[in-house]
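S.K.: Dropping in run-v7.cif, with mmCIF, C-alpha atoms (C1' of nucleotides).
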```
data_run
loop_
_atom_site.label_atom_id
_atom_site.label_comp_id
_atom_site.auth_asym_id
_atom_site.auth_seq_id
_atom_site.Cartn_x
_atom_site.Cartn_y
_atom_site.Cartn_z
CA MET Z 288 6.91 -32.62 14.30
CA SER Z 289 8.54 -33.02 17.68
CA ASN Z 290 8.82 -29.22 17.93
CA LEU Z 291 6.97 -27.36 20.61
CA LEU Z 292 5.40 -25.27 17.88
CA THR Z 293 4.19 -26.78 14.64
CA THR Z 294 5.23 -25.13 11.43
CA SER Z 295 1.73 -23.83 10.79
CA ASP Z 296 1.75 -22.27 14.25
CA GLU Z 297 5.05 -20.60 13.49
CA ILE Z 298 3.65 -19.30 10.22
CA LEU Z 299 0.61 -17.88 12.00
CA ALA Z 300 2.75 -16.32 14.71
CA SER Z 301 5.06 -14.55 12.30
CA ALA Z 302 2.13 -13.47 10.13
CA ARG Z 303 0.54 -11.92 13.20
CA ALA Z 304 3.72 -10.05 14.05
CA LEU Z 305 4.01 -8.79 10.49
CA ILE Z 306 0.37 -7.71 10.33
CA MET Z 307 0.76 -5.83 13.58
CA THR Z 308 3.46 -3.67 12.08
CA GLY Z 309 2.10 -3.11 8.58
CA GLY Z 310 -1.39 -4.50 8.16
CA TYR Z 311 -2.76 -6.92 5.57
CA ASN Z 312 -1.00 -5.45 2.56
CA GLY Z 313 2.15 -4.81 4.54
CA PHE Z 314 3.52 -8.34 4.45
CA SER Z 315 4.12 -11.12 1.95
CA TYR Z 316 4.67 -14.86 1.91
CA ALA Z 317 8.34 -14.11 1.26
CA ASP Z 318 8.52 -12.16 4.54
CA ILE Z 319 7.08 -15.08 6.48
CA ALA Z 320 9.35 -17.55 4.73
CA ALA Z 321 12.38 -15.52 5.77
CA VAL Z 322 11.30 -15.46 9.41
CA VAL Z 323 10.20 -19.08 9.74
CA GLY Z 324 13.09 -20.43 7.70
CA ILE Z 325 11.16 -22.32 5.02
CA ARG Z 326 10.33 -21.60 1.40
CA LYS Z 327 7.34 -19.68 0.10
CA ALA Z 328 5.86 -22.78 -1.51
CA SER Z 329 5.82 -24.58 1.84
CA ILE Z 330 3.60 -21.88 3.29
CA HIS Z 331 1.12 -22.48 0.48
CA HIS Z 332 0.99 -26.13 1.58
CA HIS Z 333 -0.31 -25.04 5.00
CA PHE Z 334 -2.39 -22.10 3.81
CA PRO Z 335 -3.30 -22.29 0.12
CA SER Z 336 -3.91 -18.56 -0.16
CA LYS Z 337 -3.14 -15.42 1.77
CA THR Z 338 -6.84 -15.08 2.48
CA ASP Z 339 -6.86 -18.54 4.08
CA LEU Z 340 -3.89 -17.64 6.22
CA VAL Z 341 -5.25 -14.37 7.54
CA ARG Z 342 -8.76 -15.73 8.01
CA THR Z 343 -7.57 -18.60 10.20
CA LEU Z 344 -5.28 -16.14 11.96
CA VAL Z 345 -8.21 -13.91 12.90
CA VAL Z 346 -10.37 -16.89 13.87
CA ARG Z 347 -7.58 -18.20 16.09
CA TYR Z 348 -7.13 -14.71 17.52
CA ARG Z 349 -10.77 -14.56 18.52
CA GLU Z 350 -10.70 -18.04 20.00
CA ASP Z 351 -7.67 -17.09 22.09
CA ALA Z 352 -9.44 -13.95 23.22
CA GLU Z 353 -12.53 -15.95 24.16
CA ALA Z 354 -10.44 -18.40 26.16
CA GLY Z 355 -8.50 -15.60 27.83
CA ILE Z 356 -11.66 -13.81 28.83
CA ALA Z 357 -13.25 -17.00 30.11
CA GLY Z 358 -10.17 -17.55 32.28
CA LEU Z 359 -10.26 -13.95 33.47
CA GLU Z 360 -13.93 -14.21 34.39
CA GLN Z 361 -13.11 -17.15 36.66
CA GLN Z 362 -10.36 -15.28 38.48
CA VAL Z 363 -11.98 -11.87 38.65
CA ARG Z 364 -15.59 -11.30 39.63
CA ASN Z 365 -15.75 -7.54 40.05
CA PRO Z 366 -16.81 -5.78 36.81
CA LEU Z 367 -14.59 -2.74 37.40
CA ALA Z 368 -11.64 -5.04 38.03
CA LEU Z 369 -12.47 -6.84 34.78
CA LEU Z 370 -12.26 -3.61 32.82
CA GLN Z 371 -9.02 -2.72 34.58
CA ALA Z 372 -7.60 -6.14 33.73
CA TYR Z 373 -8.71 -5.73 30.12
CA ALA Z 374 -7.05 -2.32 29.83
CA GLY Z 375 -4.01 -3.62 31.70
CA HIS Z 376 -3.65 -6.46 29.23
CA TRP Z 377 -3.36 -4.03 26.35
CA ALA Z 378 -1.13 -1.66 28.28
CA GLN Z 379 1.27 -4.53 28.84
CA CYS Z 380 1.11 -5.61 25.20
CA ILE Z 381 1.92 -2.10 24.05
CA GLU Z 382 4.79 -1.63 26.49
CA ASP Z 383 6.27 -5.03 25.74
CA ALA Z 384 6.36 -3.90 22.13
CA SER Z 385 6.05 -7.60 21.44
CA ARG Z 386 2.40 -7.24 20.55
CA PRO Z 387 2.00 -3.50 20.19
CA PHE Z 388 -1.38 -3.50 18.54
CA CYS Z 389 -4.64 -5.40 18.45
CA VAL Z 390 -4.61 -7.32 15.17
CA CYS Z 391 -8.31 -6.78 14.66
CA ALA Z 392 -8.20 -3.06 15.36
CA LEU Z 393 -5.52 -2.75 12.72
CA LEU Z 394 -7.35 -4.88 10.20
CA ALA Z 395 -10.57 -2.99 10.86
CA SER Z 396 -8.94 0.18 9.61
CA GLU Z 397 -8.27 -1.55 6.29
CA LEU Z 398 -11.69 -3.24 6.20
CA PRO Z 399 -12.90 -2.06 2.79
CA ALA Z 400 -9.74 -3.37 1.14
CA LEU Z 401 -9.79 -6.76 2.85
CA PRO Z 402 -10.92 -10.03 1.26
CA PRO Z 403 -14.56 -10.53 2.31
CA GLU Z 404 -13.84 -13.70 4.28
CA VAL Z 405 -11.27 -11.87 6.39
CA ALA Z 406 -13.46 -8.81 6.79
CA ALA Z 407 -16.30 -10.99 8.10
CA GLU Z 408 -14.07 -12.48 10.79
CA VAL Z 409 -12.78 -9.07 11.85
CA LYS Z 410 -16.35 -7.86 12.20
CA ALA Z 411 -17.15 -10.96 14.25
CA PHE Z 412 -14.31 -10.09 16.62
CA PHE Z 413 -15.72 -6.62 17.15
CA ARG Z 414 -19.16 -8.06 17.88
CA PHE Z 415 -17.67 -10.52 20.35
CA ALA Z 416 -15.67 -7.86 22.21
CA SER Z 417 -18.64 -5.54 22.25
CA THR Z 418 -20.96 -8.23 23.57
CA TRP Z 419 -18.60 -9.16 26.38
CA LEU Z 420 -17.96 -5.55 27.40
CA THR Z 421 -21.71 -4.90 27.37
CA SER Z 422 -22.27 -7.84 29.72
CA VAL Z 423 -19.57 -6.49 32.05
CA MET Z 424 -21.21 -3.07 32.02
CA GLU Z 425 -24.61 -4.61 32.77
CA ARG Z 426 -23.28 -6.58 35.72
CA GLY Z 427 -21.46 -3.51 37.01
CA ALA Z 428 -24.61 -1.43 36.83
CA GLN Z 429 -26.58 -4.08 38.70
CA ASP Z 430 -24.17 -4.67 41.56
CA GLY Z 431 -23.11 -1.05 41.81
CA SER Z 432 -19.46 -1.66 41.02
CA LEU Z 433 -19.69 0.53 37.93
CA LYS Z 434 -21.23 3.97 37.62
CA LEU Z 435 -22.68 4.21 34.14
CA SER Z 436 -23.90 7.47 32.64
CA SER Z 437 -25.41 5.82 29.54
CA GLU Z 438 -26.85 2.48 28.55
CA PRO Z 439 -24.51 -0.49 29.09
CA ARG Z 440 -24.14 -1.08 25.34
CA VAL Z 441 -23.21 2.54 24.68
CA GLU Z 442 -20.73 2.53 27.56
CA ALA Z 443 -19.23 -0.68 26.21
CA GLU Z 444 -18.78 0.78 22.72
CA ALA Z 445 -17.32 3.97 24.13
CA PHE Z 446 -14.91 1.99 26.29
CA MET Z 447 -13.78 -0.14 23.36
CA ALA Z 448 -13.33 2.97 21.21
CA SER Z 449 -11.17 4.53 23.92
CA VAL Z 450 -8.98 1.44 24.04
CA HIS Z 451 -8.53 1.36 20.26
CA GLY Z 452 -7.97 5.09 19.99
CA ALA Z 453 -5.46 5.01 22.82
CA MET Z 454 -3.56 2.25 21.03
CA LEU Z 455 -3.39 4.44 17.96
CA SER Z 456 -2.14 7.42 19.94
CA ALA Z 457 0.49 5.33 21.72
CA ARG Z 458 1.74 4.19 18.35
CA ALA Z 459 1.59 7.67 16.81
CA TYR Z 460 3.52 9.31 19.65
CA GLY Z 461 5.83 6.37 20.09
CA THR Z 462 5.23 6.59 23.82
CA PRO Z 463 3.49 3.53 25.32
CA GLU Z 464 2.64 5.38 28.55
CA VAL Z 465 0.11 7.44 26.63
CA PHE Z 466 -2.14 4.40 26.58
CA ALA Z 467 -2.36 4.16 30.37
CA THR Z 468 -2.64 7.95 30.64
CA ILE Z 469 -5.72 7.93 28.41
CA LEU Z 470 -7.34 4.89 29.98
CA ALA Z 471 -6.85 6.02 33.59
CA PRO Z 472 -9.50 8.77 33.59
CA THR Z 473 -11.86 6.55 31.61
CA LEU Z 474 -11.67 3.85 34.28
CA GLN Z 475 -11.78 6.48 37.01
CA ARG Z 476 -15.03 7.83 35.61
CA LEU Z 477 -16.61 4.39 35.68
CA SER Z 478 -15.56 3.83 39.27
CA PRO Z 479 -18.33 4.37 41.88
CA THR Z 480 -15.82 5.90 44.31
CA ALA Z 481 -15.16 8.83 41.99
CA ALA Z 482 -16.41 12.14 43.34
CA ARG Z 483 -19.20 13.89 41.46
CA MET O 207 -4.39 24.46 -17.05
CA SER O 208 -7.78 26.08 -17.35
CA ASN O 209 -9.28 23.28 -15.26
CA LEU O 210 -10.75 24.03 -11.89
CA LEU O 211 -8.49 21.37 -10.43
CA THR O 212 -4.92 20.93 -11.54
CA THR O 213 -3.75 17.45 -12.40
CA SER O 214 -1.60 17.23 -9.31
CA ASP O 215 -4.62 18.15 -7.20
CA GLU O 216 -6.60 15.41 -8.87
CA ILE O 217 -3.81 12.96 -8.19
CA LEU O 218 -3.71 13.96 -4.53
CA ALA O 219 -7.48 13.73 -4.21
CA SER O 220 -7.71 10.24 -5.67
CA ALA O 221 -4.69 9.11 -3.64
CA ARG O 222 -6.45 10.32 -0.51
CA ALA O 223 -9.60 8.42 -1.40
CA LEU O 224 -7.61 5.27 -2.08
CA ILE O 225 -5.61 5.56 1.15
CA MET O 226 -8.82 5.98 3.11
CA THR O 227 -10.06 2.63 1.93
CA GLY O 228 -6.88 0.59 2.04
CA GLY O 229 -3.97 2.47 3.59
CA TYR O 230 -0.51 3.16 2.26
CA ASN O 231 0.15 -0.28 0.81
CA GLY O 232 -3.41 -0.60 -0.41
CA PHE O 233 -3.07 1.50 -3.55
CA SER O 234 -0.73 1.85 -6.50
CA TYR O 235 0.15 4.42 -9.14
CA ALA O 236 -1.87 2.33 -11.58
CA ASP O 237 -4.98 2.78 -9.41
CA ILE O 238 -4.55 6.54 -9.42
CA ALA O 239 -3.88 6.59 -13.16
CA ALA O 240 -7.15 4.76 -13.80
CA VAL O 241 -9.14 7.25 -11.73
CA VAL O 242 -7.51 10.45 -12.98
CA GLY O 243 -7.34 9.30 -16.59
CA ILE O 244 -3.63 9.69 -17.23
CA ARG O 245 -0.73 7.25 -17.43
CA LYS O 246 1.38 6.00 -14.57
CA ALA O 247 4.48 7.79 -15.84
CA SER O 248 2.66 11.12 -15.76
CA ILE O 249 2.09 10.73 -12.06
CA HIS O 250 5.81 10.26 -11.58
CA HIS O 251 6.29 13.62 -13.29
CA HIS O 252 4.22 15.31 -10.56
CA PHE O 253 5.40 13.15 -7.69
CA PRO O 254 8.70 11.38 -8.41
CA SER O 255 8.11 8.68 -5.82
CA LYS O 256 5.22 7.28 -3.82
CA THR O 257 6.84 8.64 -0.69
CA ASP O 258 6.78 12.15 -2.19
CA LEU O 259 3.15 11.79 -3.08
CA VAL O 260 1.97 10.63 0.31
CA ARG O 261 4.17 13.04 2.21
CA THR O 262 2.78 16.05 0.37
CA LEU O 263 -0.68 14.55 0.79
CA VAL O 264 -0.29 14.43 4.56
CA VAL O 265 1.28 17.89 4.68
CA ARG O 266 -1.62 19.28 2.65
CA TYR O 267 -4.05 17.42 4.87
CA ARG O 268 -2.61 19.08 7.96
CA GLU O 269 -2.61 22.50 6.34
CA ASP O 270 -6.27 22.08 5.41
CA ALA O 271 -7.04 21.02 8.95
CA GLU O 272 -5.21 24.04 10.33
CA ALA O 273 -7.14 26.36 8.03
CA GLY O 274 -10.43 24.64 8.86
CA ILE O 275 -9.83 24.98 12.56
CA ALA O 276 -8.75 28.58 12.25
CA GLY O 277 -12.02 29.29 10.43
CA LEU O 278 -14.00 27.39 13.02
CA GLU O 279 -12.39 29.32 15.85
CA GLN O 280 -13.57 32.56 14.28
CA GLN O 281 -17.14 31.37 14.00
CA VAL O 282 -17.41 29.51 17.27
CA ARG O 283 -16.14 30.86 20.56
CA ASN O 284 -17.56 28.40 23.08
CA PRO O 285 -15.14 25.51 23.80
CA LEU O 286 -17.90 22.90 24.19
CA ALA O 287 -19.39 24.00 20.89
CA LEU O 288 -15.94 23.67 19.32
CA LEU O 289 -15.69 20.06 20.45
CA GLN O 290 -19.20 19.41 19.19
CA ALA O 291 -18.35 20.94 15.84
CA TYR O 292 -15.18 18.86 15.65
CA ALA O 293 -17.07 15.64 16.39
CA GLY O 294 -19.83 16.72 14.04
CA HIS O 295 -17.35 17.22 11.23
CA TRP O 296 -16.22 13.61 11.50
CA ALA O 297 -19.73 12.32 11.95
CA GLN O 298 -20.68 13.99 8.69
CA CYS O 299 -17.59 12.67 6.91
CA ILE O 300 -18.37 9.14 8.02
CA GLU O 301 -22.01 9.32 7.04
CA ASP O 302 -21.26 10.89 3.69
CA ALA O 303 -19.03 7.90 3.09
CA SER O 304 -17.13 10.32 0.90
CA ARG O 305 -14.39 10.67 3.45
CA PRO O 306 -15.14 7.86 5.85
CA PHE O 307 -11.87 7.95 7.74
CA CYS O 308 -9.22 10.34 8.94
CA VAL O 309 -6.24 9.76 6.66
CA CYS O 310 -3.81 10.26 9.49
CA ALA O 311 -5.59 7.90 11.87
CA LEU O 312 -5.39 5.25 9.20
CA LEU O 313 -1.75 5.90 8.40
CA ALA O 314 -0.90 5.94 12.10
CA SER O 315 -2.00 2.33 12.39
CA GLU O 316 0.57 1.42 9.74
CA LEU O 317 3.25 3.72 11.18
CA PRO O 318 6.09 1.21 11.60
CA ALA O 319 5.78 0.17 7.96
CA LEU O 320 5.66 3.70 6.53
CA PRO O 321 8.56 5.53 4.88
CA PRO O 322 10.17 7.68 7.60
CA GLU O 323 9.31 10.96 5.85
CA VAL O 324 5.64 10.03 5.78
CA ALA O 325 5.68 8.74 9.35
CA ALA O 326 7.15 12.04 10.55
CA GLU O 327 4.32 14.01 8.95
CA VAL O 328 1.68 11.72 10.43
CA LYS O 329 3.19 12.21 13.87
CA ALA O 330 3.19 15.96 13.29
CA PHE O 331 -0.54 15.81 12.55
CA PHE O 332 -1.19 14.04 15.84
CA ARG O 333 0.82 16.65 17.72
CA PHE O 334 -1.09 19.45 16.00
CA ALA O 335 -4.51 17.95 16.77
CA SER O 336 -3.51 17.24 20.35
CA THR O 337 -2.18 20.77 20.87
CA TRP O 338 -5.35 22.35 19.55
CA LEU O 339 -7.66 20.10 21.59
CA THR O 340 -5.58 20.82 24.69
CA SER O 341 -6.00 24.55 24.14
CA VAL O 342 -9.76 24.08 23.77
CA MET O 343 -9.86 22.09 27.00
CA GLU O 344 -7.85 24.77 28.80
CA ARG O 345 -10.16 27.54 27.66
CA GLY O 346 -13.19 25.47 28.60
CA ALA O 347 -11.82 24.85 32.08
CA GLN O 348 -11.15 28.55 32.56
CA ASP O 349 -14.47 29.92 31.42
CA GLY O 350 -16.49 27.07 32.90
CA SER O 351 -17.95 25.87 29.61
CA LEU O 352 -16.25 22.48 30.04
CA LYS O 353 -16.21 20.28 33.10
CA LEU O 354 -12.87 18.47 33.13
CA SER O 355 -12.10 15.59 35.45
CA SER O 356 -8.40 15.46 34.51
CA GLU O 357 -5.73 17.79 33.23
CA PRO O 358 -6.54 19.51 29.92
CA ARG O 359 -3.88 17.59 28.04
CA VAL O 360 -5.13 14.24 29.30
CA GLU O 361 -8.73 15.16 28.47
CA ALA O 362 -7.60 16.22 25.00
CA GLU O 363 -5.80 12.93 24.38
CA ALA O 364 -8.75 10.95 25.68
CA PHE O 365 -11.13 12.89 23.47
CA MET O 366 -8.99 12.36 20.38
CA ALA O 367 -8.71 8.66 21.19
CA SER O 368 -12.50 8.42 21.48
CA VAL O 369 -12.90 10.03 18.07
CA HIS O 370 -10.40 7.71 16.42
CA GLY O 371 -11.74 4.61 18.14
CA ALA O 372 -15.29 5.54 17.23
CA MET O 373 -14.25 5.90 13.59
CA LEU O 374 -12.83 2.41 13.73
CA SER O 375 -16.00 1.00 15.28
CA ALA O 376 -18.21 2.74 12.73
CA ARG O 377 -16.13 1.15 9.98
CA ALA O 378 -16.07 -2.27 11.65
CA TYR O 379 -19.81 -2.40 12.18
CA GLY O 380 -20.57 -0.73 8.90
CA THR O 381 -23.01 1.53 10.74
CA PRO O 382 -22.06 5.23 10.67
CA GLU O 383 -24.48 6.08 13.49
CA VAL O 384 -22.22 4.24 15.92
CA PHE O 385 -19.84 7.18 15.72
CA ALA O 386 -22.37 9.67 17.04
CA THR O 387 -23.63 7.16 19.58
CA ILE O 388 -20.15 6.82 21.06
CA LEU O 389 -19.34 10.52 20.95
CA ALA O 390 -22.62 11.70 22.49
CA PRO O 391 -21.92 10.53 26.07
CA THR O 392 -18.33 11.74 25.77
CA LEU O 393 -19.52 15.25 24.95
CA GLN O 394 -22.29 15.00 27.53
CA ARG O 395 -19.75 14.21 30.22
CA LEU O 396 -17.71 17.30 29.34
CA SER O 397 -20.79 19.51 29.47
CA PRO O 398 -21.19 21.55 32.69
CA THR O 399 -24.96 21.08 32.62
CA ALA O 400 -24.62 17.32 33.06
CA ALA O 401 -25.82 16.07 36.42
CA ARG O 402 -23.19 14.58 38.73
"C1'" DG T 220 5.08 38.65 -36.86
"C1'" DA T 221 8.08 34.76 -37.14
"C1'" DC T 222 11.35 32.03 -35.49
"C1'" DA T 223 14.08 29.76 -31.73
"C1'" DG T 224 14.60 27.92 -27.49
"C1'" DC T 225 12.79 26.38 -23.28
"C1'" DC T 226 9.60 24.50 -20.04
"C1'" DT T 227 5.74 21.79 -18.71
"C1'" DT T 228 2.98 18.00 -19.31
"C1'" DC T 229 1.93 13.84 -20.94
"C1'" DC T 230 2.91 9.88 -23.66
"C1'" DT T 231 4.86 4.89 -25.15
"C1'" DA T 232 7.89 1.51 -23.95
"C1'" DC T 233 10.64 -0.56 -20.93
"C1'" DT T 234 13.23 -2.47 -16.48
"C1'" DG T 235 14.07 -5.17 -12.41
"C1'" DG T 236 12.06 -6.90 -8.76
"C1'" DA T 237 8.42 -8.59 -5.80
"C1'" DA T 238 3.90 -10.27 -5.46
"C1'" DG T 239 0.68 -14.56 -4.98
"C1'" DG T 240 0.43 -18.93 -6.65
"C1'" DT T 241 1.40 -23.63 -9.24
"C1'" DA T 242 3.77 -28.06 -10.86
"C1'" DG T 243 6.21 -31.64 -9.86
"C1'" DA T 244 9.92 -34.03 -7.46
"C1'" DT T 245 11.99 -35.65 -3.07
"C1'" DA T 246 12.23 -37.27 1.68
"C1'" DC T 247 10.35 -39.67 5.20
"C1'" DA T 248 6.97 -41.57 8.46
"C1'" DG T 249 3.33 -44.92 9.66
"C1'" DC G 30 2.37 -47.39 -0.39
"C1'" DT G 31 -0.05 -43.56 1.15
"C1'" DG G 32 0.00 -39.05 3.23
"C1'" DT G 33 2.48 -35.13 4.95
"C1'" DA G 34 5.91 -31.73 4.56
"C1'" DT G 35 9.20 -29.69 2.21
"C1'" DC G 36 11.91 -28.49 -1.74
"C1'" DT G 37 13.37 -26.35 -6.63
"C1'" DA G 38 11.81 -24.17 -10.45
"C1'" DC G 39 8.65 -21.65 -12.68
"C1'" DC G 40 4.42 -18.65 -14.03
"C1'" DT G 41 1.73 -14.47 -14.37
"C1'" DT G 42 0.70 -10.28 -12.77
"C1'" DC G 43 1.58 -6.22 -10.64
"C1'" DC G 44 4.62 -2.93 -8.66
"C1'" DA G 45 7.50 1.54 -8.44
"C1'" DG G 46 10.37 3.76 -11.24
"C1'" DT G 47 13.18 5.24 -15.74
"C1'" DA G 48 14.33 6.68 -20.63
"C1'" DG G 49 13.29 9.24 -24.18
"C1'" DG G 50 10.33 11.55 -27.11
"C1'" DA G 51 5.99 14.31 -28.79
"C1'" DA G 52 2.89 18.18 -28.15
"C1'" DG G 53 1.92 22.58 -26.89
"C1'" DG G 54 2.46 26.95 -24.44
"C1'" DC G 55 5.50 31.01 -23.05
"C1'" DT G 56 9.02 34.25 -23.95
"C1'" DG G 57 12.75 36.69 -25.87
"C1'" DT G 58 14.98 38.31 -30.05
"C1'" DC G 59 15.47 39.70 -34.67
#
```
Starting from the file, give its structure as structure tokens.
M.R.:
Amino acid sequence: MSNLLTTSDEILASARALIMTGGYNGFSYADIAAVVGIRKASIHHHFPSKTDLVRTLVVRYREDAEAGIAGLEQQVRNPLALLQAYAGHWAQCIEDASRPFCVCALLASELPALPPEVAAEVKAFFRFASTWLTSVMERGAQDGSLKLSSEPRVEAEAFMASVHGAMLSARAYGTPEVFATILAPTLQRLSPTAAR
Amino acid sequence: MSNLLTTSDEILASARALIMTGGYNGFSYADIAAVVGIRKASIHHHFPSKTDLVRTLVVRYREDAEAGIAGLEQQVRNPLALLQAYAGHWAQCIEDASRPFCVCALLASELPALPPEVAAEVKAFFRFASTWLTSVMERGAQDGSLKLSSEPRVEAEAFMASVHGAMLSARAYGTPEVFATILAPTLQRLSPTAAR
DNA sequence: GACAGCCTTCCTACTGGAAGGTAGATACAG
DNA sequence: CTGTATCTACCTTCCAGTAGGAAGGCTGTC
């Protein structure tokens, strides 16, 4: 109780770490119990079913992302800088190896095999990210800080796809730098200072 | 014996379909047995362990890809057209919903949780795809059929990342068209006829 | 041609362990 | 004395994998 982290927070944190390495079917309550230092049954007290656990995990993940982006928007005004900060966030996560993959990108690849409640939340995360990126693209097109070659929504989807694909490649090659290498030309292309 | 498909081929085919929906941990020998119409133990006769099964599946997958690309290279000479054909292949797979995801892209997301033998083969697939795409980019840069804004290898990695990310988005949104929508501007940008 | 042996394929039946989940008791705080 | 958090003990189901045998085809030998 007097801990900095509540038990349910610890459960969620270790579940996230486990999902990031092996996906939804890649972890069990026993794995979490071993990490957190409690018994399986105690986890069921906090999250009656695995579906409950992962659903609240994804909801929390989106809420954190929303808060993080809201904070970023207050610090950074320039749309290009926002995209760079977004890419930089993931680059750091991948290189830290502490959070080497976006939970939702990983869960999205398993979508058809996920419990419907979890799948719905994963889809909601994609819509949220897409909506935000689209708004950044729109602002960039208006104030000239971004040079778009397609509609803002299409550019946003393409940007998000690049980020997710680059994560996958970084993981496949085992070389985190690959992420930045792939994102650099993508950001370069969106920059108005780029030649031709 | 007189079948068009051998039993082991049928096992591999249904394993591939199952992996494409739920990944490595998302299927069991029992699932395959139900589809193929034999007993679990019979699968063990063909593939002693799950690792064996998936490893040969990935090896076969890469061999098929190599053969497919070799055939494509004989039909199509123009590098831009090669990239379009490559993207078109995946677009068709996704829309057919028969093969809605690249097996290796899916397995790559689970890499840290995969048996080492399988992980090694998945990595080999990524290296193969990257090497081929790099060679296409190099030829395109030489004969002017592609307009690169970075080194061929970087363009190849970025292109592959776009394809994989677009697959993920198409799955997340449940709308196959998203794949083509994302790939279109990517191909457009590589085309020499594109303005600026 | 018939038998014998072998190989392949598939089967039933089983094992040990891990999965998600439940029942019910205990400890303790407000 | 009620609610929260944790425990032990257990359940059912599923998992990958094994043992051993039945069926049938292929081949060599007499």
S.K.: Please provide the set of residues having any atom within 12 Å of region 225-233 of chain T, restricted to only C-alpha atoms (C1' of nucleotides), with same-chain residues fewer than 2 positions apart removed, written as a list in words.
M.R.: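 Once the adjacent positions are removed, what remains is Met207, Thr212, Thr213, Ser214, Gly243, Ile244, Arg245, Lys246, Ala247, Ser248, Ile249, His250, His251 and His252 of chain O; DA223 and DG235 of chain T; DG46, DT47, DA48, DG49, DG50, DA51, DA52, DG53, DG54, DC55, DT56 and DG57 of chain G.
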S.K.: Report as an NGL selection string the set of chain G residues whose atoms approach chain Z to within 9 Å, with distances computed over only C-alpha atoms (C1' of nucleotides).
M.R.: :G and (34-36)
S.K.: Restrict the selected residues to C-alpha atoms (C1' of nucleotides) and save them as a short mmCIF file (atom, residue, chain, number, x, y, z; two decimals), keeping the file's coordinate frame.
M.R.:
```cif
data_model
loop_
_atom_site.label_atom_id
_atom_site.label_comp_id
_atom_site.auth_asym_id
_atom_site.auth_seq_id
_atom_site.Cartn_x
_atom_site.Cartn_y
_atom_site.Cartn_z
"C1'" DA G 34 5.91 -31.73 4.56
"C1'" DT G 35 9.20 -29.69 2.21
"C1'" DC G 36 11.91 -28.49 -1.74
#
```
S.K.: In Å, with one decimal, what is the gap from CA of Gly350 (chain O) to CA of Pro398 (chain O)?
M.R.: 7.3 Å
S.K.: For the file shown, report as a ChimeraX atom specification the outcome of the PyMOL selection byres ((chain Z) within 6 of (chain O)) at residue level.
M.R.: /Z:308-309,312,395,397,399-400,410,445,448-449,451-453,459,469,483
S.K.: Have a look at T:DG249, T:DG239, T:DA221, T:DA244 and name the one nearest to chain Z; count all atoms listed in the file.
M.R.: T:DG239
S.K.: Can you work out the spacing between CA of Ile217 (chain O) and C1' of DA237 (chain T) in Å, to one decimal?
M.R.: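 Between CA of Ile217 (chain O) and C1' of DA237 (chain T) the gap works out to 24.9 Å.
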S.K.: Please report, as a Markdown table, each residue of chain Z lying at most 9 Å from chain T, together with the nearest pair of atoms and the separation in Å rounded to one decimal; use all atoms listed in the file, and order rows by chain and ascending residue number.
M.R.:
```
| residue | atom | partner | partner_atom | distance |
| --- | --- | --- | --- | --- |
| Z:Ser315 | CA | T:DA238 | C1' | 7.5 |
| Z:Tyr316 | CA | T:DG239 | C1' | 8.0 |
| Z:Ala317 | CA | T:DA238 | C1' | 8.9 |
| Z:Ala328 | CA | T:DG240 | C1' | 8.4 |
| Z:His331 | CA | T:DG240 | C1' | 8.0 |
| Z:Pro335 | CA | T:DG240 | C1' | 8.4 |
| Z:Ser336 | CA | T:DG239 | C1' | 7.8 |
| Z:Lys337 | CA | T:DG239 | C1' | 7.8 |
```
